[in-house]
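Participant: PDB, C-alpha atoms, pLDDT in the B column, file structure-v1.pdb:
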```
ATOM      1  CA  MET A1185      49.829 137.561  -1.777  1.00 61.00           C
ATOM      2  CA  VAL A1186      50.921 139.108   1.504  1.00 73.00           C
ATOM      3  CA  ASN A1187      52.782 136.826   3.897  1.00 87.00           C
ATOM      4  CA  THR A1188      50.923 137.657   7.123  1.00 89.00           C
ATOM      5  CA  ARG A1189      53.506 135.971   9.339  1.00 86.00           C
ATOM      6  CA  LEU A1190      56.233 138.189   7.856  1.00 88.00           C
ATOM      7  CA  LEU A1191      53.980 141.260   8.075  1.00 92.00           C
ATOM      8  CA  PHE A1192      53.316 140.707  11.784  1.00 91.00           C
ATOM      9  CA  HIS A1193      56.986 139.951  12.376  1.00 88.00           C
ATOM     10  CA  ARG A1194      57.878 143.321  10.849  1.00 92.00           C
ATOM     11  CA  ILE A1195      55.182 145.094  12.862  1.00 94.00           C
ATOM     12  CA  SER A1196      56.734 143.544  15.986  1.00 93.00           C
ATOM     13  CA  TYR A1197      59.748 145.805  15.485  1.00 94.00           C
ATOM     14  CA  LEU A1198      57.605 148.669  16.816  1.00 96.00           C
ATOM     15  CA  GLN A1199      58.501 147.230  20.220  1.00 96.00           C
ATOM     16  CA  TYR A1200      61.875 148.994  20.051  1.00 96.00           C
ATOM     17  CA  PRO A1201      60.649 152.592  19.720  1.00 98.00           C
ATOM     18  CA  LEU A1202      58.028 151.893  22.396  1.00 98.00           C
ATOM     19  CA  MET A1203      60.715 150.611  24.747  1.00 97.00           C
ATOM     20  CA  LEU A1204      62.798 153.712  23.994  1.00 98.00           C
ATOM     21  CA  VAL A1205      59.820 155.855  24.996  1.00 98.00           C
ATOM     22  CA  ALA A1206      59.559 153.781  28.206  1.00 98.00           C
ATOM     23  CA  LEU A1207      63.265 154.378  28.831  1.00 98.00           C
ATOM     24  CA  TYR A1208      62.729 158.105  28.267  1.00 98.00           C
ATOM     25  CA  PHE A1209      60.065 158.141  30.991  1.00 98.00           C
ATOM     26  CA  ALA A1210      62.249 156.025  33.295  1.00 97.00           C
ATOM     27  CA  VAL A1211      65.005 158.664  33.126  1.00 97.00           C
ATOM     28  CA  GLN A1212      62.731 161.670  33.643  1.00 97.00           C
ATOM     29  CA  PRO A1213      62.676 161.558  37.476  1.00 96.00           C
ATOM     30  CA  TYR A1214      66.469 161.877  37.469  1.00 96.00           C
ATOM     31  CA  LEU A1215      66.237 164.935  35.226  1.00 95.00           C
ATOM     32  CA  LYS A1216      63.128 166.665  36.588  1.00 94.00           C
ATOM     33  CA  GLY A1217      63.129 165.632  40.220  1.00 92.00           C
ATOM     34  CA  PHE A1218      61.700 162.739  42.145  1.00 91.00           C
ATOM     35  CA  ASP A1219      58.558 164.553  43.238  1.00 91.00           C
ATOM     36  CA  THR A1220      57.020 163.464  39.891  1.00 89.00           C
ATOM     37  CA  ALA A1221      58.604 159.996  39.876  1.00 92.00           C
ATOM     38  CA  LEU A1222      55.352 158.047  40.255  1.00 91.00           C
ATOM     39  CA  TYR A1223      53.810 159.853  37.286  1.00 92.00           C
ATOM     40  CA  TYR A1224      56.777 158.905  35.085  1.00 95.00           C
ATOM     41  CA  ILE A1225      56.933 155.350  36.415  1.00 94.00           C
ATOM     42  CA  ASN A1226      53.297 154.917  35.431  1.00 94.00           C
ATOM     43  CA  LEU A1227      54.005 156.158  31.904  1.00 96.00           C
ATOM     44  CA  MET A1228      57.074 153.927  31.721  1.00 97.00           C
ATOM     45  CA  MET A1229      55.017 150.843  32.639  1.00 96.00           C
ATOM     46  CA  VAL A1230      52.298 151.696  30.111  1.00 96.00           C
ATOM     47  CA  PHE A1231      54.821 151.989  27.276  1.00 97.00           C
ATOM     48  CA  MET A1232      56.662 148.860  28.431  1.00 97.00           C
ATOM     49  CA  GLY A1233      53.355 146.972  28.340  1.00 96.00           C
ATOM     50  CA  LEU A1234      52.706 148.235  24.817  1.00 96.00           C
ATOM     51  CA  GLY A1235      56.237 147.354  23.718  1.00 96.00           C
ATOM     52  CA  ILE A1236      55.947 143.865  25.163  1.00 96.00           C
ATOM     53  CA  SER A1237      52.595 143.444  23.407  1.00 95.00           C
ATOM     54  CA  PHE A1238      54.166 144.316  20.074  1.00 95.00           C
ATOM     55  CA  SER A1239      57.051 141.932  20.761  1.00 92.00           C
ATOM     56  CA  THR A1240      54.576 139.043  20.873  1.00 92.00           C
ATOM     57  CA  LEU A1241      53.869 139.519  17.166  1.00 92.00           C
ATOM     58  CA  GLN A1242      57.276 138.172  16.144  1.00 88.00           C
ATOM     59  CA  ASP A1243      57.708 134.762  14.549  1.00 83.00           C
ATOM     60  CA  THR A1244      57.901 132.170  17.326  1.00 84.00           C
ATOM     61  CA  ARG A1245      59.438 129.586  15.004  1.00 83.00           C
ATOM     62  CA  LYS A1246      62.780 131.392  15.298  1.00 79.00           C
ATOM     63  CA  THR A1247      64.863 132.146  18.366  1.00 72.00           C
ATOM     64  CA  GLN A1248      66.411 135.555  18.716  1.00 74.00           C
ATOM     65  CA  ASN A1249      69.742 134.481  20.212  1.00 82.00           C
ATOM     66  CA  GLU A1250      71.778 131.564  21.525  1.00 85.00           C
ATOM     67  CA  PHE A1251      70.732 132.137  25.140  1.00 87.00           C
ATOM     68  CA  SER A1252      67.026 131.873  24.330  1.00 83.00           C
ATOM     69  CA  ARG A1253      67.623 128.814  22.125  1.00 84.00           C
ATOM     70  CA  LYS A1254      69.247 127.005  25.063  1.00 87.00           C
ATOM     71  CA  ILE A1255      66.267 127.762  27.293  1.00 89.00           C
ATOM     72  CA  TRP A1256      63.554 126.704  24.831  1.00 88.00           C
ATOM     73  CA  GLU A1257      65.290 123.510  23.736  1.00 89.00           C
ATOM     74  CA  ASP A1258      65.599 122.226  27.315  1.00 91.00           C
ATOM     75  CA  PRO A1259      62.147 121.278  28.686  1.00 91.00           C
ATOM     76  CA  ARG A1260      63.214 121.660  32.323  1.00 94.00           C
ATOM     77  CA  LYS A1261      64.674 125.152  31.861  1.00 93.00           C
ATOM     78  CA  ALA A1262      61.696 126.251  29.792  1.00 94.00           C
ATOM     79  CA  ARG A1263      59.168 125.025  32.350  1.00 95.00           C
ATOM     80  CA  VAL A1264      60.980 126.806  35.179  1.00 96.00           C
ATOM     81  CA  PHE A1265      61.205 130.001  33.134  1.00 95.00           C
ATOM     82  CA  ILE A1266      57.501 129.845  32.229  1.00 97.00           C
ATOM     83  CA  ALA A1267      56.502 129.109  35.845  1.00 97.00           C
ATOM     84  CA  VAL A1268      58.514 132.025  37.248  1.00 97.00           C
ATOM     85  CA  PHE A1269      57.166 134.355  34.559  1.00 97.00           C
ATOM     86  CA  THR A1270      53.598 133.238  35.340  1.00 98.00           C
ATOM     87  CA  ILE A1271      54.113 133.968  39.049  1.00 98.00           C
ATOM     88  CA  VAL A1272      55.458 137.446  38.221  1.00 98.00           C
ATOM     89  CA  ILE A1273      52.430 138.155  36.009  1.00 97.00           C
ATOM     90  CA  CYS A1274      50.005 137.001  38.709  1.00 97.00           C
ATOM     91  CA  CYS A1275      51.720 139.180  41.309  1.00 97.00           C
ATOM     92  CA  LEU A1276      51.593 142.209  39.004  1.00 97.00           C
ATOM     93  CA  ILE A1277      47.905 141.684  38.206  1.00 97.00           C
ATOM     94  CA  ILE A1278      46.939 141.178  41.845  1.00 97.00           C
ATOM     95  CA  THR A1279      48.990 144.181  42.974  1.00 96.00           C
ATOM     96  CA  GLY A1280      47.566 146.336  40.196  1.00 96.00           C
ATOM     97  CA  LEU A1281      43.962 145.356  40.821  1.00 96.00           C
ATOM     98  CA  VAL A1282      44.276 145.777  44.589  1.00 95.00           C
ATOM     99  CA  GLY A1283      45.740 149.223  43.980  1.00 94.00           C
ATOM    100  CA  LEU A1284      42.985 150.153  41.530  1.00 92.00           C
ATOM    101  CA  ILE A1285      40.167 148.969  43.744  1.00 93.00           C
ATOM    102  CA  GLY A1286      41.572 149.409  47.221  1.00 92.00           C
ATOM    103  CA  THR A1287      42.949 152.947  47.246  1.00 89.00           C
ATOM    104  CA  LYS A1288      41.487 156.407  47.059  1.00 90.00           C
ATOM    105  CA  ASN A1289      44.898 157.957  46.302  1.00 90.00           C
ATOM    106  CA  ALA A1290      44.878 159.132  42.663  1.00 88.00           C
ATOM    107  CA  THR A1291      48.626 158.650  42.231  1.00 86.00           C
ATOM    108  CA  LEU A1292      48.521 155.055  43.457  1.00 89.00           C
ATOM    109  CA  THR A1293      45.532 154.413  41.208  1.00 91.00           C
ATOM    110  CA  GLU A1294      47.582 155.604  38.222  1.00 88.00           C
ATOM    111  CA  ILE A1295      50.540 153.416  39.179  1.00 93.00           C
ATOM    112  CA  SER A1296      48.159 150.488  39.579  1.00 94.00           C
ATOM    113  CA  LEU A1297      46.779 151.077  36.096  1.00 93.00           C
ATOM    114  CA  GLY A1298      50.308 151.102  34.673  1.00 94.00           C
ATOM    115  CA  THR A1299      51.010 147.854  36.519  1.00 96.00           C
ATOM    116  CA  VAL A1300      47.919 146.206  35.030  1.00 96.00           C
ATOM    117  CA  VAL A1301      48.836 147.370  31.502  1.00 95.00           C
ATOM    118  CA  LEU A1302      52.343 145.959  31.953  1.00 96.00           C
ATOM    119  CA  ALA A1303      50.912 142.638  33.185  1.00 97.00           C
ATOM    120  CA  ILE A1304      48.516 142.433  30.223  1.00 96.00           C
ATOM    121  CA  GLY A1305      51.448 142.862  27.849  1.00 94.00           C
ATOM    122  CA  MET A1306      53.281 140.135  29.734  1.00 96.00           C
ATOM    123  CA  ILE A1307      50.302 137.770  29.342  1.00 96.00           C
ATOM    124  CA  GLY A1308      50.741 138.047  25.569  1.00 94.00           C
ATOM    125  CA  MET A1309      54.433 137.374  26.041  1.00 94.00           C
ATOM    126  CA  LEU A1310      53.593 134.264  28.082  1.00 96.00           C
ATOM    127  CA  LYS A1311      51.567 132.947  25.152  1.00 94.00           C
ATOM    128  CA  SER A1312      54.556 133.541  22.876  1.00 92.00           C
ATOM    129  CA  MET A1313      56.787 131.731  25.364  1.00 92.00           C
ATOM    130  CA  LEU A1314      54.516 128.706  25.260  1.00 93.00           C
ATOM    131  CA  GLU A1315      54.658 128.731  21.449  1.00 91.00           C
ATOM    132  CA  MET A1316      58.455 129.077  21.507  1.00 89.00           C
ATOM    133  CA  PHE A1317      58.660 126.135  23.892  1.00 90.00           C
ATOM    134  CA  GLU A1318      56.498 123.967  21.628  1.00 89.00           C
ATOM    135  CA  ASN A1319      58.405 125.000  18.498  1.00 86.00           C
ATOM    136  CA  HIS A1320      61.930 124.486  19.842  1.00 83.00           C
ATOM    137  CA  ARG A1321      61.915 121.776  22.486  1.00 83.00           C
ATOM    138  CA  LYS A1322      64.348 118.972  21.679  1.00 78.00           C
ATOM    139  CA  ASP A1323      62.410 116.157  23.344  1.00 78.00           C
ATOM    140  CA  LYS A1324      59.441 116.509  20.921  1.00 70.00           C
ATOM    141  CA  HIS A1325      61.452 116.989  17.720  1.00 57.00           C
ATOM    142  CA  GLU A1326      63.922 114.125  17.966  1.00 55.00           C
TER     143      GLU A1326
END
```
Since I need it in another form, could you write the structure as structure tokens?

Facilitator:
Amino acid sequence: MVNTRLLFHRISYLQYPLMLVALYFAVQPYLKGFDTALYYINLMMVFMGLGISFSTLQDTRKTQNEFSRKIWEDPRKARVFIAVFTIVICCLIITGLVGLIGTKNATLTEISLGTVVLAIGMIGMLKSMLEMFENHRKDKHE
């Protein structure tokens, strides 16, 4: 029988090539000129959103490093981290939607779409953060 948790954890490693593609697009304005920077920033945000979405498939019962373990074990640090991340997501969604609806400029519309895609990926990451917090907090497991 297939262990679905392990399968999804392995699929989550697709986040790394997607982030490399995002990095490729982030560097392009420096190589090709800044007149096309907004086009490449949009592509970068789309691939970052996809990469973040894939990262949410990893097993939330395990921490990736010592730094993240310290955050998720401490309820105060975790709540602050989750609150700040939620505010960032809300700002990105609002900015993206205002740009999509409120502008006639095609370039700004594209950037706004990339911003919304990035925010959607971050919403999935927020859900994973909440699971990590529940799985690792010291005050509930002692």

Participant: So which residues get picked by the PyMOL selection byres ((chain A and resi 1269-1276) around 8) here, written as number ranges by chain?

Facilitator: A: 1265-1268, 1277-1280, 1299-1300, 1303, 1306-1307, 1310

Participant: Could you check the closest approach to Thr1188 (chain A) for each of A:Leu1215, A:Asn1289, A:Gln1248, A:Gln1242 and tell me which residue wins, using only C-alpha atoms?

Facilitator: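 Smallest separation from Thr1188 (chain A) among the options: A:Gln1242.
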
Participant: Translate the PyMOL selection byres ((chain A and resi 1253) around 12) into a concrete residue list for this structure, as a PyMOL selection string.

Facilitator: chain A and resi 1244-1252+1254-1259+1261-1262+1313+1316-1317+1319-1322

Participant: For region 1245-1259 of chain A, I'd like the enclosing box, axis-aligned and padded by 6 Å on every side, reported as lines of an AutoDock Vina configuration file with centre and edge lengths in Å to one decimal.

Facilitator:
```
center_x = 65.6
center_y = 128.4
center_z = 21.8
size_x = 24.3
size_y = 26.3
size_z = 25.7
```

Participant: How many Å lie between CA of Met1309 (chain A) and CA of Val1264 (chain A), rounded to one decimal?

Facilitator: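 Pair CA of Met1309 (chain A) / CA of Val1264 (chain A) returns 15.4 Å.
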
Participant: Restricting the calculation to all atoms listed in the file: of A:Lys1216, A:Val1186, A:Leu1198, A:Tyr1223, which residue gets closest to Thr1240 (chain A)?

Facilitator: A:Leu1198

Participant: Excluding Gly1308 (chain A) and any residue of its chain fewer than 3 positions from it, enumerate the residues within 10 Å of it, using only C-alpha atoms, and give them as number ranges by chain.

Facilitator: A: 1233, 1236-1241, 1303-1305, 1311-1313

Participant: When you count only C-alpha atoms, which of these residues is closest to Leu1302 (chain A): A:Thr1287, A:Ala1221, A:Arg1263, A:Met1203?

Facilitator: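 Comparing A:Thr1287, A:Ala1221, A:Arg1263, A:Met1203 against Leu1302 (chain A), the winner is A:Met1203.
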
Participant: Would you compute the distance between CA of Tyr1224 (chain A) and CA of Phe1209 (chain A)? Give it in Å to one decimal.

Facilitator: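 That distance, rounded to one decimal, is 5.3 Å.
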
Participant: Suppose you want the space between CA of Leu1314 (chain A) and CA of His1193 (chain A); what is it in Å?

Facilitator: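 One can read the CA of Leu1314 (chain A) to CA of His1193 (chain A) distance as 17.3 Å.
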
Participant: Applying 9 Å and all atoms listed in the file, which residues near Leu1292 (chain A) remain after dropping the ones on its own chain fewer than 5 positions away? List them as a list in words.

Facilitator: Leu1222, Gly1283, Leu1284, Thr1287 and Leu1297 of chain A
